[in-house]
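Novice: Got coords-v3.cif for you, mmCIF, C-alpha atoms:
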```
data_final
#
loop_
_atom_site.group_PDB
_atom_site.id
_atom_site.type_symbol
_atom_site.label_atom_id
_atom_site.label_comp_id
_atom_site.auth_asym_id
_atom_site.auth_seq_id
_atom_site.Cartn_x
_atom_site.Cartn_y
_atom_site.Cartn_z
ATOM 1 C CA MET A 1 -160.863 8.520 -137.831
ATOM 2 C CA THR A 2 -163.800 10.791 -138.562
ATOM 3 C CA LYS A 3 -166.752 11.633 -136.346
ATOM 4 C CA SER A 4 -168.943 9.035 -138.065
ATOM 5 C CA GLU A 5 -166.259 6.360 -137.588
ATOM 6 C CA LEU A 6 -166.047 7.355 -133.933
ATOM 7 C CA ILE A 7 -169.831 6.932 -133.660
ATOM 8 C CA GLU A 8 -169.621 3.489 -135.328
ATOM 9 C CA SER A 9 -166.895 2.307 -133.024
ATOM 10 C CA ILE A 10 -168.790 3.440 -129.904
ATOM 11 C CA ALA A 11 -172.044 1.941 -131.176
ATOM 12 C CA ALA A 12 -170.210 -1.374 -131.556
ATOM 13 C CA LYS A 13 -169.281 -1.347 -127.862
ATOM 14 C CA ILE A 14 -172.350 0.189 -126.264
ATOM 15 C CA THR A 15 -175.516 -1.788 -126.750
ATOM 16 C CA ASN A 16 -178.084 0.042 -124.609
ATOM 17 C CA PHE A 17 -178.196 3.012 -127.006
ATOM 18 C CA SER A 18 -179.114 3.000 -130.685
ATOM 19 C CA ARG A 19 -176.617 4.194 -133.267
ATOM 20 C CA LYS A 20 -178.783 7.288 -133.754
ATOM 21 C CA ASP A 21 -178.724 8.023 -130.007
ATOM 22 C CA ILE A 22 -174.939 7.625 -129.920
ATOM 23 C CA GLU A 23 -174.761 10.107 -132.782
ATOM 24 C CA ILE A 24 -176.882 12.600 -130.806
ATOM 25 C CA ILE A 25 -174.694 12.105 -127.737
ATOM 26 C CA VAL A 26 -171.434 12.586 -129.673
ATOM 27 C CA ASP A 27 -172.786 15.705 -131.393
ATOM 28 C CA THR A 28 -174.083 17.134 -128.113
ATOM 29 C CA VAL A 29 -170.786 16.486 -126.306
ATOM 30 C CA PHE A 30 -168.741 18.483 -128.808
ATOM 31 C CA LEU A 31 -171.467 21.101 -129.184
ATOM 32 C CA SER A 32 -171.611 21.682 -125.411
ATOM 33 C CA MET A 33 -167.836 21.899 -125.245
ATOM 34 C CA GLY A 34 -167.909 24.499 -128.031
ATOM 35 C CA GLU A 35 -170.656 26.462 -126.303
ATOM 36 C CA SER A 36 -168.831 26.417 -123.014
ATOM 37 C CA LEU A 37 -165.681 27.734 -124.699
ATOM 38 C CA SER A 38 -167.721 30.383 -126.547
ATOM 39 C CA GLU A 39 -168.939 31.623 -123.189
ATOM 40 C CA GLY A 40 -165.306 31.963 -122.130
ATOM 41 C CA ASP A 41 -165.416 28.985 -119.768
ATOM 42 C CA LYS A 42 -162.680 26.371 -119.882
ATOM 43 C CA VAL A 43 -163.309 22.681 -120.492
ATOM 44 C CA GLU A 44 -161.403 20.069 -118.497
ATOM 45 C CA ILE A 45 -161.618 16.371 -119.328
ATOM 46 C CA ARG A 46 -159.696 14.308 -116.793
ATOM 47 C CA GLY A 47 -157.133 12.037 -118.466
ATOM 48 C CA PHE A 48 -157.726 13.666 -121.816
ATOM 49 C CA GLY A 49 -156.874 17.326 -121.591
ATOM 50 C CA SER A 50 -158.170 20.840 -121.178
ATOM 51 C CA PHE A 51 -159.356 23.520 -123.554
ATOM 52 C CA LYS A 52 -158.891 27.178 -122.775
ATOM 53 C CA ILE A 53 -159.497 30.422 -124.587
ATOM 54 C CA LYS A 54 -156.600 32.762 -125.094
ATOM 55 C CA ARG A 55 -156.902 36.299 -126.318
ATOM 56 C CA ARG A 56 -154.750 37.517 -129.186
ATOM 57 C CA GLU A 57 -154.206 41.282 -129.176
ATOM 58 C CA GLY A 58 -154.911 43.225 -132.355
ATOM 59 C CA ARG A 59 -151.855 43.984 -134.431
ATOM 60 C CA GLN A 60 -150.681 45.737 -137.542
ATOM 61 C CA GLY A 61 -150.423 43.201 -140.358
ATOM 62 C CA ARG A 62 -149.966 43.137 -144.069
ATOM 63 C CA ASN A 63 -152.001 41.625 -146.852
ATOM 64 C CA PRO A 64 -149.446 39.207 -148.314
ATOM 65 C CA LYS A 65 -150.988 39.469 -151.779
ATOM 66 C CA SER A 66 -151.213 43.220 -152.227
ATOM 67 C CA GLY A 67 -148.646 44.315 -149.644
ATOM 68 C CA GLU A 68 -151.265 46.618 -148.164
ATOM 69 C CA SER A 69 -150.977 47.396 -144.470
ATOM 70 C CA ILE A 70 -154.058 46.310 -142.524
ATOM 71 C CA PHE A 71 -155.072 46.159 -138.878
ATOM 72 C CA ILE A 72 -155.820 42.684 -137.528
ATOM 73 C CA ASP A 73 -158.464 42.876 -134.785
ATOM 74 C CA SER A 74 -157.937 41.195 -131.457
ATOM 75 C CA LYS A 75 -159.486 37.747 -131.355
ATOM 76 C CA LYS A 76 -159.990 34.764 -129.097
ATOM 77 C CA VAL A 77 -158.403 31.426 -129.966
ATOM 78 C CA PRO A 78 -158.969 28.013 -128.410
ATOM 79 C CA PHE A 79 -155.976 26.229 -126.914
ATOM 80 C CA PHE A 80 -155.637 22.578 -125.979
ATOM 81 C CA LYS A 81 -153.325 21.076 -123.416
ATOM 82 C CA ALA A 82 -153.073 17.278 -123.392
ATOM 83 C CA GLY A 83 -153.640 15.561 -120.055
ATOM 84 C CA LYS A 84 -151.055 13.440 -118.271
ATOM 85 C CA GLU A 85 -152.598 10.073 -119.113
ATOM 86 C CA ILE A 86 -152.821 10.687 -122.857
ATOM 87 C CA ARG A 87 -149.337 12.259 -122.958
ATOM 88 C CA GLU A 88 -147.912 9.091 -121.456
ATOM 89 C CA ARG A 89 -149.973 6.716 -123.577
ATOM 90 C CA ILE A 90 -149.039 8.416 -126.841
ATOM 91 C CA ASN A 91 -145.380 8.514 -125.996
ATOM 92 C CA LYS A 92 -145.029 4.813 -125.164
ATOM 93 C CA MET B 1 -166.844 22.515 -117.719
ATOM 94 C CA THR B 2 -165.966 18.969 -116.688
ATOM 95 C CA LYS B 3 -167.212 15.550 -117.770
ATOM 96 C CA ALA B 4 -169.941 15.788 -115.113
ATOM 97 C CA ASP B 5 -171.171 19.067 -116.632
ATOM 98 C CA ILE B 6 -171.236 17.475 -120.085
ATOM 99 C CA VAL B 7 -173.368 14.629 -118.714
ATOM 100 C CA GLU B 8 -175.659 17.214 -117.082
ATOM 101 C CA LYS B 9 -176.006 19.040 -120.426
ATOM 102 C CA LEU B 10 -176.914 15.766 -122.149
ATOM 103 C CA TYR B 11 -179.573 15.166 -119.557
ATOM 104 C CA GLU B 12 -180.994 18.701 -119.984
ATOM 105 C CA LYS B 13 -180.870 18.724 -123.763
ATOM 106 C CA VAL B 14 -181.864 15.210 -124.704
ATOM 107 C CA GLY B 15 -183.091 13.670 -121.462
ATOM 108 C CA PHE B 16 -180.837 10.615 -121.408
ATOM 109 C CA SER B 17 -180.208 9.005 -118.018
ATOM 110 C CA LYS B 18 -177.062 10.480 -116.501
ATOM 111 C CA LYS B 19 -175.756 7.081 -115.454
ATOM 112 C CA ASP B 20 -176.175 5.487 -118.886
ATOM 113 C CA VAL B 21 -174.928 8.503 -120.792
ATOM 114 C CA SER B 22 -171.795 8.915 -118.686
ATOM 115 C CA HIS B 23 -170.562 5.528 -120.009
ATOM 116 C CA VAL B 24 -170.936 6.818 -123.553
ATOM 117 C CA VAL B 25 -169.126 10.073 -122.753
ATOM 118 C CA GLU B 26 -166.343 8.067 -121.124
ATOM 119 C CA GLU B 27 -166.174 5.834 -124.205
ATOM 120 C CA ILE B 28 -165.948 8.837 -126.577
ATOM 121 C CA PHE B 29 -162.749 10.109 -124.986
ATOM 122 C CA GLU B 30 -161.346 6.597 -124.509
ATOM 123 C CA CYS B 31 -161.930 5.856 -128.187
ATOM 124 C CA ILE B 32 -160.163 9.071 -129.253
ATOM 125 C CA LYS B 33 -157.211 8.210 -127.016
ATOM 126 C CA THR B 34 -156.932 4.661 -128.358
ATOM 127 C CA THR B 35 -157.046 5.923 -131.943
ATOM 128 C CA LEU B 36 -154.353 8.532 -131.307
ATOM 129 C CA GLU B 37 -152.180 5.877 -129.660
ATOM 130 C CA THR B 38 -152.097 4.014 -132.960
ATOM 131 C CA GLY B 39 -150.868 7.221 -134.618
ATOM 132 C CA ASP B 40 -154.097 7.847 -136.509
ATOM 133 C CA LYS B 41 -155.763 11.249 -136.241
ATOM 134 C CA VAL B 42 -159.310 11.984 -135.131
ATOM 135 C CA LYS B 43 -161.360 14.511 -137.065
ATOM 136 C CA ILE B 44 -164.489 15.902 -135.431
ATOM 137 C CA SER B 45 -166.217 18.075 -138.001
ATOM 138 C CA GLY B 46 -167.423 21.348 -136.526
ATOM 139 C CA PHE B 47 -165.042 21.027 -133.581
ATOM 140 C CA GLY B 48 -161.511 20.248 -134.667
ATOM 141 C CA ASN B 49 -158.845 17.645 -135.356
ATOM 142 C CA PHE B 50 -156.729 15.756 -132.855
ATOM 143 C CA SER B 51 -153.450 14.388 -134.112
ATOM 144 C CA VAL B 52 -150.121 13.047 -132.970
ATOM 145 C CA ARG B 53 -146.885 14.755 -133.941
ATOM 146 C CA GLN B 54 -143.375 13.408 -133.773
ATOM 147 C CA LYS B 55 -140.968 15.829 -132.077
ATOM 148 C CA ARG B 56 -137.237 15.492 -132.635
ATOM 149 C CA ALA B 57 -134.746 15.528 -129.777
ATOM 150 C CA ARG B 58 -133.399 18.999 -129.055
ATOM 151 C CA ARG B 59 -131.216 20.889 -126.646
ATOM 152 C CA GLY B 60 -133.104 22.638 -123.890
ATOM 153 C CA ARG B 61 -132.561 24.344 -120.599
ATOM 154 C CA ASN B 62 -133.916 23.621 -117.176
ATOM 155 C CA PRO B 63 -135.651 26.925 -116.459
ATOM 156 C CA GLN B 64 -135.120 26.468 -112.725
ATOM 157 C CA THR B 65 -131.404 25.737 -112.639
ATOM 158 C CA GLY B 66 -130.345 27.084 -116.033
ATOM 159 C CA GLY B 67 -128.521 23.797 -116.679
ATOM 160 C CA GLU B 68 -128.474 22.482 -120.227
ATOM 161 C CA ILE B 69 -130.451 19.293 -120.864
ATOM 162 C CA THR B 70 -131.398 17.149 -123.821
ATOM 163 C CA ILE B 71 -135.095 16.968 -124.548
ATOM 164 C CA GLU B 72 -135.616 13.503 -125.959
ATOM 165 C CA LYS B 73 -137.556 12.813 -129.112
ATOM 166 C CA ARG B 74 -141.182 12.200 -128.317
ATOM 167 C CA ARG B 75 -144.719 12.039 -129.617
ATOM 168 C CA VAL B 76 -147.165 14.763 -128.640
ATOM 169 C CA MET B 77 -150.872 15.242 -129.107
ATOM 170 C CA THR B 78 -152.076 18.403 -130.818
ATOM 171 C CA PHE B 79 -155.471 19.938 -131.406
ATOM 172 C CA LYS B 80 -156.372 22.118 -134.364
ATOM 173 C CA PRO B 81 -159.708 23.887 -133.896
ATOM 174 C CA SER B 82 -162.094 23.930 -136.844
ATOM 175 C CA GLN B 83 -163.087 27.167 -138.582
ATOM 176 C CA LEU B 84 -166.575 26.707 -137.150
ATOM 177 C CA LEU B 85 -165.307 26.524 -133.568
ATOM 178 C CA LYS B 86 -163.003 29.510 -134.058
ATOM 179 C CA LYS B 87 -165.928 31.474 -135.453
ATOM 180 C CA ALA B 88 -168.266 30.450 -132.620
ATOM 181 C CA ILE B 89 -165.705 31.508 -130.025
ATOM 182 C CA ASN B 90 -165.502 34.949 -131.566
ATOM 183 C CA THR B 91 -169.275 35.414 -131.736
ATOM 184 C CA PRO B 92 -170.417 35.647 -128.112
ATOM 185 C CA GLN B 93 -173.459 33.585 -127.132
ATOM 186 C CA SER B 94 -173.839 32.307 -130.673
ATOM 187 C CA LYS B 95 -175.410 28.966 -131.319
ATOM 188 C CA ALA B 96 -173.552 28.449 -134.572
ATOM 189 C CA VAL B 97 -174.677 24.843 -134.834
ATOM 190 C CA PRO B 98 -178.261 23.784 -134.074
ATOM 191 C CA THR B 99 -178.912 21.529 -131.098
ATOM 192 C CA PRO B 100 -179.456 17.921 -132.201
ATOM 193 C CA GLN B 101 -182.972 16.680 -131.471
ATOM 194 C CA PRO B 102 -183.740 13.304 -129.905
ATOM 195 C CA LYS B 103 -185.817 11.036 -132.056
ATOM 196 C CA ALA B 104 -189.498 10.959 -131.210
#
```
In structure tokens, write the structure found in this file.

Specialist:
Amino acid sequence: MTKSELIESIAAKITNFSRKDIEIIVDTVFLSMGESLSEGDKVEIRGFGSFKIKRREGRQGRNPKSGESIFIDSKKVPFFKAGKEIRERINK
Amino acid sequence: MTKADIVEKLYEKVGFSKKDVSHVVEEIFECIKTTLETGDKVKISGFGNFSVRQKRARRGRNPQTGGEITIEKRRVMTFKPSQLLKKAINTPQSKAVPTPQPKA
């Protein structure tokens, strides 16, 4: 399922918003979640899961093509932990 | 950030009624869950992909007692962030994607 299919399927169920409005809502939801994570805040959706930022320390790496030794800068990576409800539903 | 904060953001950014919009937000996550239950994956461009992975049974240890246990085979949900999200997270305060505008 892609984002546009998600929008279609929601538009089919919710009648008091136009398809275009649903699209704006879906885009804004994921955009706000991304912004919140970018600011270092965590995102917690009850029943769904939580997103957190973890920091990866810089390390000495190697360019696999040339074999050259390079330094990989520290970076932040998003992590997702599935919530209880979805864990149980998926595993049925 | 919780669902309530997302609803608040929607109100600030596009001015939709909090009550009406919270149903849509609820439906977004419900729809993703239902799709994953069927085993299909959900791809949100600019954010990331949610998918279900089959894990095989394996030997494990109870970290509290040290006793050996069998971890049964199971299905787990995973999230793979998109390049765009990874980039945004590493550029502080960036608005990598423009804010969608409500129609006039």

Novice: Evaluate the PyMOL selection byres ((chain A) within 8 of (chain B)) and record the selected residues as a ChimeraX atom specification, following the chain and residue labels used in the document.

Specialist: /A:1-3,6,9-10,14,21-22,24-46,48,75-82,86-87,89-91

Novice: Starting from the PyMOL selection byres ((chain A and resi 55-58) around 6), expand the selection into actual residues of this file and give them as a PyMOL selection string.

Specialist: chain A and resi 54+59+72-76

Novice: Just the number, please: distance in Å from CA of Arg61 (chain B) to CA of Lys92 (chain A), one decimal.

Specialist: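 The value is 23.6 Å.
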
Novice: In Å, with one decimal, what is the gap from CA of Lys20 (chain A) to CA of Ser51 (chain B)?

Specialist: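 The value is 26.3 Å.
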
Novice: For a test of reading the model, state the distance in Å between CA of Glu85 (chain A) and CA of Glu23 (chain A), rounded to one decimal.

Specialist: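 The value is 26.0 Å.
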